[in-house]
>>> print(open('run18.txt').read())   # compact mmCIF, C-alpha atoms
# COMPACT_ATOMS: atom_id res chain seq x y z
CA MET A 19 -30.96 -3.58 -31.61
CA ASP A 20 -33.74 -1.24 -30.48
CA ALA A 21 -32.35 2.33 -30.31
CA ASN A 22 -34.50 3.08 -27.24
CA LEU A 23 -32.76 0.32 -25.31
CA TYR A 24 -29.35 1.81 -26.13
CA PHE A 25 -30.66 5.26 -25.20
CA PHE A 26 -31.90 4.03 -21.80
CA TYR A 27 -28.73 2.01 -21.16
CA GLY A 28 -26.50 4.95 -22.04
CA TRP A 29 -28.23 7.40 -19.69
CA TRP A 30 -28.39 4.75 -16.92
CA GLN A 31 -24.66 4.08 -17.23
CA PHE A 32 -23.80 7.78 -17.29
CA ALA A 33 -25.95 8.69 -14.26
CA VAL A 34 -24.96 5.72 -12.09
CA CYS A 35 -21.25 5.91 -12.87
CA LEU A 36 -21.08 9.69 -12.46
CA PHE A 37 -22.79 9.45 -9.06
CA ALA A 38 -20.44 6.62 -8.02
CA PHE A 39 -17.42 8.67 -9.15
CA LEU A 40 -18.51 11.69 -7.11
CA ALA A 41 -19.28 9.54 -4.04
CA LEU A 42 -15.88 7.81 -4.10
CA ILE A 43 -14.10 11.13 -4.57
CA ALA A 44 -16.06 12.53 -1.62
CA ILE A 45 -14.93 9.63 0.59
CA TRP A 46 -11.35 10.15 -0.54
CA TRP A 47 -11.55 13.90 0.07
CA GLN A 48 -12.69 13.37 3.67
CA ILE A 49 -10.37 10.48 4.57
CA GLY A 50 -7.97 9.30 1.87
CA LYS A 51 -6.52 12.74 1.20
CA LYS A 52 -5.34 12.96 4.81
CA GLN A 53 -3.75 9.52 4.46
CA ASN A 54 -2.01 10.59 1.21
CA ASP A 55 -3.65 7.56 -0.45
CA PHE A 56 -4.53 8.04 -4.12
CA GLY A 57 -5.68 4.50 -4.86
CA GLN A 58 -9.31 5.48 -4.43
CA VAL A 59 -8.86 8.35 -6.90
CA TRP A 60 -7.73 5.94 -9.61
CA LEU A 61 -10.70 3.64 -8.90
CA ALA A 62 -13.04 6.64 -9.13
CA LEU A 63 -11.49 7.65 -12.46
CA SER A 64 -12.02 4.12 -13.79
CA ILE A 65 -15.75 4.49 -13.08
CA LEU A 66 -15.74 7.97 -14.65
CA ALA A 67 -14.48 6.37 -17.88
CA TRP A 68 -17.65 4.24 -17.87
CA ALA A 69 -19.73 7.41 -17.41
CA PHE A 70 -18.27 8.92 -20.59
CA SER A 71 -18.85 5.61 -22.35
CA GLY A 72 -22.53 5.93 -21.40
CA LEU A 73 -22.68 9.38 -23.00
CA LEU A 74 -21.17 7.84 -26.11
CA GLU A 75 -24.03 5.32 -26.24
CA VAL A 76 -26.54 8.17 -25.98
CA TYR A 77 -24.84 10.19 -28.72
CA PHE A 78 -24.82 7.31 -31.19
CA THR A 79 -28.43 6.32 -30.49
CA GLY A 80 -29.70 8.41 -33.40
CA VAL A 81 -26.89 7.38 -35.75
CA SER A 82 -27.50 4.66 -38.29
CA GLN A 83 -26.64 1.24 -36.94
CA THR A 84 -25.32 0.02 -40.30
CA ASN A 85 -21.81 1.22 -39.43
CA THR A 86 -20.95 0.87 -35.75
CA LEU A 87 -17.19 1.30 -36.17
CA TYR A 88 -17.07 4.65 -34.36
CA LEU A 89 -19.27 3.47 -31.51
CA ASP A 90 -17.31 0.24 -31.03
CA SER A 91 -13.99 2.08 -31.17
CA GLY A 92 -15.18 4.64 -28.63
CA ARG A 93 -16.32 1.87 -26.31
CA SER A 94 -12.94 0.19 -26.66
CA ILE A 95 -11.03 3.39 -25.86
CA PHE A 96 -13.03 4.07 -22.69
CA SER A 97 -12.73 0.40 -21.73
CA LEU A 98 -8.94 0.67 -22.08
CA PHE A 99 -8.84 3.74 -19.84
CA ASN A 100 -11.07 1.98 -17.31
CA SER A 101 -8.66 -0.96 -17.13
CA LEU A 102 -5.61 1.32 -16.98
CA PHE A 103 -6.97 3.31 -14.04
CA ILE A 104 -7.81 0.12 -12.14
CA LEU A 105 -4.27 -1.20 -12.68
CA LEU A 106 -2.76 2.11 -11.54
CA ALA A 107 -4.81 1.86 -8.32
CA LEU A 108 -3.42 -1.56 -7.35
CA PRO A 109 -0.01 -0.41 -5.96
CA TRP A 110 -1.90 1.71 -3.42
CA PHE A 111 -3.69 -1.33 -1.98
CA ARG A 112 -2.39 -2.30 1.44
CA TYR A 113 -2.98 -6.03 1.07
CA LEU A 114 -1.62 -7.76 -2.04
CA PRO A 115 -1.32 -11.50 -2.82
CA LYS A 116 2.23 -12.66 -2.18
CA PRO A 117 2.81 -13.94 -5.77
CA LEU A 118 1.66 -10.61 -7.25
CA ALA A 119 3.06 -8.19 -4.66
CA PRO A 120 6.64 -8.02 -6.09
CA VAL A 121 5.24 -7.28 -9.55
CA ILE A 122 2.69 -4.66 -8.47
CA LYS A 123 4.98 -2.94 -5.97
CA GLY A 124 8.00 -3.13 -8.25
CA GLY A 125 9.38 -0.14 -10.09
CA PHE A 126 8.43 -1.55 -13.49
CA TRP A 127 4.67 -1.70 -12.82
CA ARG A 128 3.98 1.49 -14.79
CA TYR A 129 5.71 -0.03 -17.80
CA ILE A 130 3.99 -3.41 -17.38
CA VAL A 131 0.57 -1.73 -17.56
CA GLY A 132 1.48 1.29 -19.68
CA VAL A 133 3.15 -0.32 -22.69
CA PRO A 134 0.27 -2.76 -23.47
CA PHE A 135 -2.20 0.10 -22.93
CA LEU A 136 -0.43 2.34 -25.46
CA PHE A 137 -0.21 -0.52 -27.97
CA CYS A 138 -3.93 -1.34 -27.63
CA LEU A 139 -4.88 2.35 -27.78
CA ALA A 140 -2.75 2.99 -30.87
CA PHE A 141 -4.25 -0.04 -32.64
CA THR A 142 -7.81 1.07 -31.79
CA VAL A 143 -7.18 4.62 -33.02
CA HIS A 144 -5.61 3.24 -36.21
CA LYS A 145 -8.69 1.12 -36.79
CA LEU A 146 -10.84 4.20 -36.28
CA VAL A 147 -8.79 6.32 -38.73
CA VAL A 148 -8.55 3.80 -41.55
CA GLY A 149 -12.15 2.66 -41.04
CA ARG A 150 -11.30 -1.02 -41.17
CA GLU A 151 -12.16 -3.89 -38.83
CA TYR A 152 -9.87 -6.85 -38.20
CA GLY A 153 -12.19 -9.49 -36.79
CA TYR A 154 -11.47 -10.82 -33.28
CA ILE A 155 -8.08 -9.14 -33.15
CA GLN A 156 -9.74 -5.74 -33.26
CA GLU A 157 -11.07 -6.08 -29.70
CA LEU A 158 -7.72 -5.56 -27.97
CA ASP A 159 -9.46 -3.89 -25.03
CA VAL A 160 -10.94 -7.32 -24.22
CA TYR A 161 -7.50 -8.87 -23.81
CA TYR A 162 -6.30 -5.90 -21.78
CA ALA A 163 -9.40 -6.23 -19.59
CA VAL A 164 -8.68 -9.94 -18.99
CA PHE A 165 -5.12 -8.98 -18.02
CA THR A 166 -6.58 -6.43 -15.58
CA LEU A 167 -9.05 -8.90 -14.09
CA ILE A 168 -6.31 -11.39 -13.21
CA PHE A 169 -4.64 -8.83 -10.98
CA LEU A 170 -7.84 -7.19 -9.73
CA GLY A 171 -9.38 -10.50 -8.67
CA GLY A 172 -6.35 -11.47 -6.60
CA VAL A 173 -6.08 -8.05 -4.95
CA LEU A 174 -9.80 -7.83 -4.10
CA TRP A 175 -9.73 -11.33 -2.60
CA GLU A 176 -6.68 -10.52 -0.47
CA SER A 177 -8.04 -7.13 0.64
CA PHE A 178 -11.36 -8.50 1.88
CA ALA A 179 -9.83 -11.69 3.34
CA LYS A 180 -7.20 -9.81 5.38
CA ARG A 181 -9.98 -7.59 6.76
CA ARG A 182 -11.88 -10.75 7.80
CA LEU A 183 -14.65 -10.20 5.22
CA LYS A 184 -14.61 -13.63 3.57
CA VAL A 185 -18.13 -13.32 2.11
CA LEU A 186 -17.05 -10.24 0.19
CA SER A 187 -13.95 -12.12 -0.97
CA TRP A 188 -16.14 -14.76 -2.59
CA LEU A 189 -18.52 -12.13 -4.00
CA SER A 190 -15.56 -10.35 -5.61
CA LEU A 191 -14.59 -13.58 -7.38
CA VAL A 192 -18.18 -14.01 -8.61
CA CYS A 193 -18.10 -10.44 -9.93
CA ILE A 194 -14.77 -11.08 -11.72
CA LEU A 195 -16.27 -14.22 -13.30
CA ILE A 196 -19.28 -12.25 -14.57
CA ILE A 197 -16.96 -9.64 -16.09
CA LEU A 198 -14.95 -12.37 -17.81
CA VAL A 199 -18.13 -13.83 -19.31
CA ALA A 200 -19.10 -10.36 -20.54
CA GLN A 201 -15.69 -9.96 -22.22
CA PHE A 202 -16.15 -13.20 -24.12
CA PHE A 203 -19.64 -12.15 -25.23
CA LYS A 204 -18.06 -8.96 -26.56
CA LEU A 205 -16.22 -11.12 -29.09
CA SER A 206 -19.54 -12.59 -30.23
CA GLU A 207 -22.58 -11.06 -31.91
CA SER A 208 -24.88 -11.48 -28.90
CA GLU A 209 -25.70 -7.79 -28.36
CA HIS A 210 -28.66 -8.31 -26.01
CA ILE A 211 -26.79 -10.71 -23.72
CA LEU A 212 -23.70 -8.47 -23.75
CA LEU A 213 -25.79 -5.48 -22.71
CA LEU A 214 -27.33 -7.49 -19.87
CA PHE A 215 -23.98 -8.75 -18.58
CA SER A 216 -22.46 -5.27 -18.89
CA ALA A 217 -25.18 -3.75 -16.72
CA ILE A 218 -24.79 -6.54 -14.15
CA PHE A 219 -21.02 -6.47 -13.85
CA LYS A 220 -20.72 -2.67 -13.82
CA THR A 221 -23.25 -2.41 -11.02
CA SER A 222 -21.59 -5.24 -9.09
CA LEU A 223 -18.08 -3.83 -9.48
CA ILE A 224 -19.19 -0.36 -8.36
CA MET A 225 -20.76 -1.87 -5.24
CA LEU A 226 -17.55 -3.81 -4.58
CA PHE A 227 -15.52 -0.61 -4.85
CA PHE A 228 -17.81 0.99 -2.28
CA ALA A 229 -17.56 -2.08 -0.03
CA LEU A 230 -13.78 -1.85 -0.38
CA ALA A 231 -13.81 1.83 0.56
CA LEU A 232 -16.04 1.20 3.58
CA SER A 233 -13.92 -1.77 4.72
CA TRP A 234 -10.89 0.51 4.52
CA VAL A 235 -12.67 3.11 6.66
CA LYS A 236 -13.73 0.36 9.09
CA GLU A 237 -10.15 -0.88 9.36
CA LEU A 238 -8.83 2.62 10.01
CA ALA A 239 -11.37 3.05 12.81
CA GLU A 240 -10.73 -0.35 14.42
CA ASN A 241 -6.94 -0.17 14.14
CA ILE A 242 -6.53 3.11 15.98
CA ILE A 243 -4.28 2.56 18.96
CA PRO A 244 -6.03 4.15 22.00
CA LYS A 245 -4.30 6.50 24.40
CA SER A 246 -2.83 5.09 27.63
CA ALA A 247 -5.65 6.55 29.73
CA HIS A 248 -8.26 4.67 27.66
CA LEU A 249 -6.46 1.31 27.53
CA SER A 250 -6.84 -1.40 30.16
CA LEU A 251 -4.89 -4.62 30.59
CA VAL A 252 -6.32 -7.82 32.07
CA PHE A 253 -4.16 -10.89 32.83
CA SER A 254 -5.70 -14.34 32.93
CA LYS A 255 -5.09 -18.01 32.24
CA GLU A 256 -7.35 -20.35 30.27
CA LYS A 257 -7.36 -23.98 29.27
CA ASP A 258 -7.13 -24.94 25.62
CA ILE A 259 -8.94 -27.89 23.99
CA SER A 260 -6.34 -30.34 25.28
CA GLY A 261 -6.69 -29.01 28.84
CA LYS A 262 -3.33 -27.23 28.84
CA TRP A 263 -3.15 -23.84 30.56
CA MET A 264 -2.58 -20.82 28.28
CA SER A 265 -1.28 -17.42 29.39
CA THR A 266 -3.60 -14.74 28.00
CA VAL A 267 -4.01 -10.99 28.22
CA VAL A 268 -6.99 -8.88 27.23
CA LEU A 269 -6.55 -5.34 25.93
CA ASN A 270 -9.70 -3.24 26.29
CA GLY A 271 -10.29 0.23 24.89
CA PHE A 272 -10.10 -0.48 21.16
CA PRO A 273 -13.01 0.55 18.92
CA GLY A 274 -15.67 -2.11 18.36
CA THR A 275 -17.28 -4.65 20.64
CA LYS A 276 -14.95 -7.56 19.93
CA GLU A 277 -12.74 -8.52 22.87
CA ARG A 278 -9.02 -8.31 22.04
CA LYS A 279 -7.74 -11.48 23.74
CA ILE A 280 -4.10 -12.43 23.09
CA VAL A 281 -2.29 -15.68 23.85
CA LEU A 282 1.36 -15.14 24.79
CA THR A 283 4.23 -17.52 25.32
CA PRO A 284 5.09 -18.05 29.01
CA LYS A 285 8.28 -16.00 28.67
CA LEU A 286 6.57 -13.00 27.05
CA HIS A 287 3.63 -13.27 29.45
CA SER A 288 6.05 -13.16 32.42
CA LEU A 289 7.78 -10.08 30.99
CA LEU A 290 4.52 -8.20 30.46
CA LEU A 291 3.32 -9.28 33.91
CA GLU A 292 6.54 -7.94 35.45
CA PHE A 293 5.94 -4.57 33.77
CA ALA A 294 2.35 -4.53 35.05
CA GLN A 295 3.24 -5.51 38.62
CA ARG A 296 5.92 -2.81 38.84
CA CYS A 297 3.48 -0.27 37.42
CA LYS A 298 0.76 -1.38 39.83
CA ARG A 299 3.03 -1.06 42.88
CA GLY A 300 4.29 2.34 41.74
CA GLU A 301 7.71 1.85 43.37
CA LYS A 302 10.80 1.03 41.36
CA SER A 303 8.63 0.73 38.30
CA TRP A 304 11.59 0.92 35.91
CA LEU A 305 12.96 -2.26 34.33
CA GLU A 306 16.59 -2.18 33.25
CA ILE A 307 17.81 -3.62 29.97
CA LYS A 308 21.15 -5.45 29.89
CA PRO A 309 23.78 -3.59 27.81
CA LYS A 310 25.23 -5.28 24.75
CA ASN A 311 28.81 -5.34 26.01
CA PHE A 312 27.87 -6.64 29.45
CA THR A 313 29.94 -9.50 30.83
CA ALA A 314 28.77 -11.89 33.50
CA GLY A 315 29.03 -10.37 36.95
CA GLU A 316 27.16 -9.70 40.12
CA LYS A 317 24.40 -7.47 38.70
CA ASN A 318 21.21 -9.03 37.38
CA TYR A 319 19.18 -7.20 34.75
CA ASP A 320 15.40 -7.37 34.32
CA ILE A 321 15.47 -7.62 30.51
CA GLY A 322 18.05 -9.50 28.48
CA ASP A 323 18.09 -7.15 25.45
CA TYR A 324 15.96 -4.73 23.42
CA ASN A 325 14.77 -7.60 21.20
CA GLN A 326 12.65 -8.93 24.06
CA ILE A 327 10.60 -5.70 23.99
CA LYS A 328 10.33 -5.98 20.22
CA ARG A 329 9.17 -9.61 20.42
CA LEU A 330 6.60 -8.67 23.06
CA LEU A 331 5.17 -5.86 20.93
CA ASN A 332 5.12 -8.08 17.83
CA ALA A 333 3.22 -10.79 19.71
CA LEU A 334 0.70 -8.26 21.01
CA LEU A 335 0.13 -6.83 17.51
CA ASP A 336 -0.21 -10.31 15.97
CA GLY A 337 -2.89 -11.06 18.54
CA LEU A 338 -4.66 -7.73 18.05
CA PHE A 339 -4.73 -7.50 14.26
CA GLY A 340 -3.45 -10.81 12.90
CA LYS A 341 0.02 -11.72 11.71
CA GLY A 342 1.08 -9.53 8.80
CA ASN A 343 -1.94 -7.22 9.18
CA TRP A 344 -0.12 -4.38 10.93
CA SER A 345 2.62 -1.91 10.06
CA ARG A 346 5.45 -0.31 11.97
CA GLU A 347 4.34 3.29 11.53
CA GLN A 348 0.61 2.81 12.05
CA HIS A 349 0.67 0.19 14.81
CA LEU A 350 4.06 -0.77 16.28
CA ILE A 351 5.30 2.70 17.20
CA PRO A 352 1.91 3.96 18.54
CA LEU A 353 1.43 0.81 20.66
CA LYS A 354 4.96 1.10 22.07
CA ASN A 355 4.34 4.74 22.97
CA THR A 356 0.99 3.83 24.54
CA LEU A 357 2.33 1.03 26.73
CA PHE A 358 5.90 2.03 27.57
CA GLU A 359 8.25 4.94 28.03
CA MET A 360 12.04 5.09 28.11
CA SER A 361 13.96 6.92 30.79
CA GLU A 362 14.82 10.49 29.82
CA SER A 363 18.43 9.86 30.78
CA ARG A 364 18.51 7.05 28.17
CA ASN A 365 20.12 4.69 30.69
CA ARG A 366 18.48 1.56 29.26
CA LYS A 367 15.47 1.82 31.58
CA ILE A 368 11.87 1.28 30.51
CA ARG A 369 8.51 1.13 32.30
CA MET A 370 4.81 0.66 31.63
CA ILE A 371 2.81 3.90 31.60
CA LEU A 372 -0.77 2.62 31.82
CA PRO A 373 -2.74 4.05 34.76
CA PRO A 374 -2.38 1.53 37.65
CA GLU A 375 -6.16 1.39 38.03
CA ASN A 376 -6.40 0.14 34.42
CA ILE A 377 -4.29 -2.93 35.16
CA PHE A 378 -6.03 -6.05 36.45
CA LEU A 379 -3.79 -8.87 37.66
>>> encode(input="run18.txt", output="structure tokens")
Amino acid sequence: MDANLYFFYGWWQFAVCLFAFLALIAIWWQIGKKQNDFGQVWLALSILAWAFSGLLEVYFTGVSQTNTLYLDSGRSIFSLFNSLFILLALPWFRYLPKPLAPVIKGGFWRYIVGVPFLFCLAFTVHKLVVGREYGYIQELDVYYAVFTLIFLGGVLWESFAKRRLKVLSWLSLVCILIILVAQFFKLSESEHILLLFSAIFKTSLIMLFFALALSWVKELAENIIPKSAHLSLVFSKEKDISGKWMSTVVLNGFPGTKERKIVLTPKLHSLLLEFAQRCKRGEKSWLEIKPKNFTAGEKNYDIGDYNQIKRLLNALLDGLFGKGNWSREQHLIPLKNTLFEMSESRNRKIRMILPPENIFL
């Protein structure tokens, strides 16, 4: 192939991937570091491996093309590191496909990805030392890349889908398909087509990584639970398609322009309404929770047990962020502290702490 084409491709890959690495690290430094999230660092390192691979292309431009063993081996080594870093980033992803989640989050993940990596790396280095090629079996980085793509495709789809970015979910699958095609061309002798597909899929994957980082930032911004003074609560009833009345509440004060409308069961709606009415009146605003060892008697309690509060908060969070799209530390506890407070005497009393003027019955 024309040496000038390799020279241009090598410098293009080095410049683009180095810039992408620095940009992703900058985003992590400003946001991810505070979240103690190192997934973005591993993704940035995977792109950095491509940058070094581009320098390798430039270095071998002037070398005779009759023996490409060193160039091919170098490409394979950097490809292996690229795949390894991507696989090491996956456990840090918040949204994982249910079939893959136990494997990725399990304690054996480092061995699942590390042992095949070491085997492929050792085989590639051995090929480089002895100076011998083994046909299709020599391209072990291709098989490791296919292994990586199976997991990466599922995780990217789930990440974008759970953040309600379905178009990006489909684009991630298209990108994975292009990468798979490029891997198969690597086993052939079609150098020009391989170079074309490599440029396309590397550019596409870098853009997807940036889209992933920005969607993560967007989610962090939208999922911030506002302070009590900035949150308002509106009660209403609407008819569904069948004409049946639904009990709804609207929580205003969250980032973004989308209205946070939640449909509650009649029982949970009545409980939240009772909190709001007491808070609005300002007198006897505390609701008392029935103790566990209580036996039937003359006294009536406002709330049957603590689980009713938990069910109410779960229903509100499911309506705000979608079922399964929230966590206890980031959403449940902050929302509980924003809406309610317990009595300092810990006598099983709880009340709503929104400003009365922010409640609309």
>>> closest_residue(input="run18.txt", among="A:Ala163, A:Ile45, A:Leu114, A:Leu186", to="Val199 in chain A", atoms="only C-alpha atoms")
A:Ala163
>>> atom_distance(input="run18.txt", atom1="CA of Leu330 in chain A", atom2="CA of Leu372 in chain A")
16.1 Å
>>> closest_residue(input="run18.txt", among="A:Ile168, A:Ser216, A:Lys328, A:Leu87", to="Val147 in chain A", atoms="all atoms listed in the file")
A:Leu87
>>> atom_distance(input="run18.txt", atom1="CA of Ser303 in chain A", atom2="CA of Leu331 in chain A")
18.9 Å
>>> closest_residue(input="run18.txt", among="A:Glu75, A:Leu232, A:Ala38, A:Val268", to="Leu334 in chain A", atoms="all atoms listed in the file")
A:Val268
>>> atom_distance(input="run18.txt", atom1="CA of Thr142 in chain A", atom2="CA of Thr166 in chain A")
17.9 Å
>>> closest_residue(input="run18.txt", among="A:Leu305, A:Ile130, A:Asn325, A:Phe215", to="Glu359 in chain A", atoms="all atoms listed in the file")
A:Leu305
>>> closest_residue(input="run18.txt", among="A:Phe272, A:Tyr161, A:Phe378, A:Phe293", to="Phe358 in chain A", atoms="all atoms listed in the file")
A:Phe293
>>> residues_near_point(input="run18.txt", point="(-9.4, -7.6, 35.0)", cutoff="9 Å", atoms="only C-alpha atoms", output="PyMOL selection string")
chain A and resi 250-254+268+376-379
>>> residues_around(input="run18.txt", residues="Phe202 in chain A", least_positions_apart="6", cutoff="10 Å", atoms="all atoms listed in the file", output="NGL selection string")
:A and (160-161 or 164 or 212)
>>> residues_around(input="run18.txt", residues="Ile104 in chain A", least_positions_apart="5", cutoff="9 Å", atoms="all atoms listed in the file", output="ChimeraX atom specification")
/A:57,60-64,99,166,170
>>> write_last_selection(input="run18.txt", atoms="C-alpha atoms", output="PDB file, in the frame of the given file")
ATOM      1  CA  GLY A  57      -5.680   4.500  -4.860  1.00  0.00           C
ATOM      2  CA  TRP A  60      -7.730   5.940  -9.610  1.00  0.00           C
ATOM      3  CA  LEU A  61     -10.700   3.640  -8.900  1.00  0.00           C
ATOM      4  CA  ALA A  62     -13.040   6.640  -9.130  1.00  0.00           C
ATOM      5  CA  LEU A  63     -11.490   7.650 -12.460  1.00  0.00           C
ATOM      6  CA  SER A  64     -12.020   4.120 -13.790  1.00  0.00           C
ATOM      7  CA  PHE A  99      -8.840   3.740 -19.840  1.00  0.00           C
ATOM      8  CA  THR A 166      -6.580  -6.430 -15.580  1.00  0.00           C
ATOM      9  CA  LEU A 170      -7.840  -7.190  -9.730  1.00  0.00           C
TER      10      LEU A 170
END
>>> residues_near_point(input="run18.txt", point="(-26.2, 7.4, -30.4)", cutoff="12 Å", atoms="only C-alpha atoms", output="list of chain:residue names")
A:Asp20, A:Ala21, A:Asn22, A:Leu23, A:Tyr24, A:Phe25, A:Phe26, A:Tyr27, A:Gly28, A:Trp29, A:Ser71, A:Gly72, A:Leu73, A:Leu74, A:Glu75, A:Val76, A:Tyr77, A:Phe78, A:Thr79, A:Gly80, A:Val81, A:Ser82, A:Gln83, A:Asn85, A:Thr86, A:Tyr88, A:Leu89, A:Asp90, A:Gly92
>>> closest_residue(input="run18.txt", among="A:Asn332, A:Ser177, A:Ser260, A:Ser91", to="Leu353 in chain A", atoms="only C-alpha atoms")
A:Asn332
>>> residues_around(input="run18.txt", residues="Ile224 in chain A", least_positions_apart="2", cutoff="10 Å", atoms="all atoms listed in the file", output="list in words")
Val34, Cys35, Ala38, Phe39, Leu42, Leu61, Ala62, Ile65, Phe219, Lys220, Thr221, Ser222, Leu226, Phe227, Phe228, Ala229 and Leu230 of chain A
>>> residues_around(input="run18.txt", residues="Met264 in chain A", least_positions_apart="5", cutoff="12 Å", atoms="all atoms listed in the file", output="ChimeraX atom specification")
/A:253-259,279-285,287
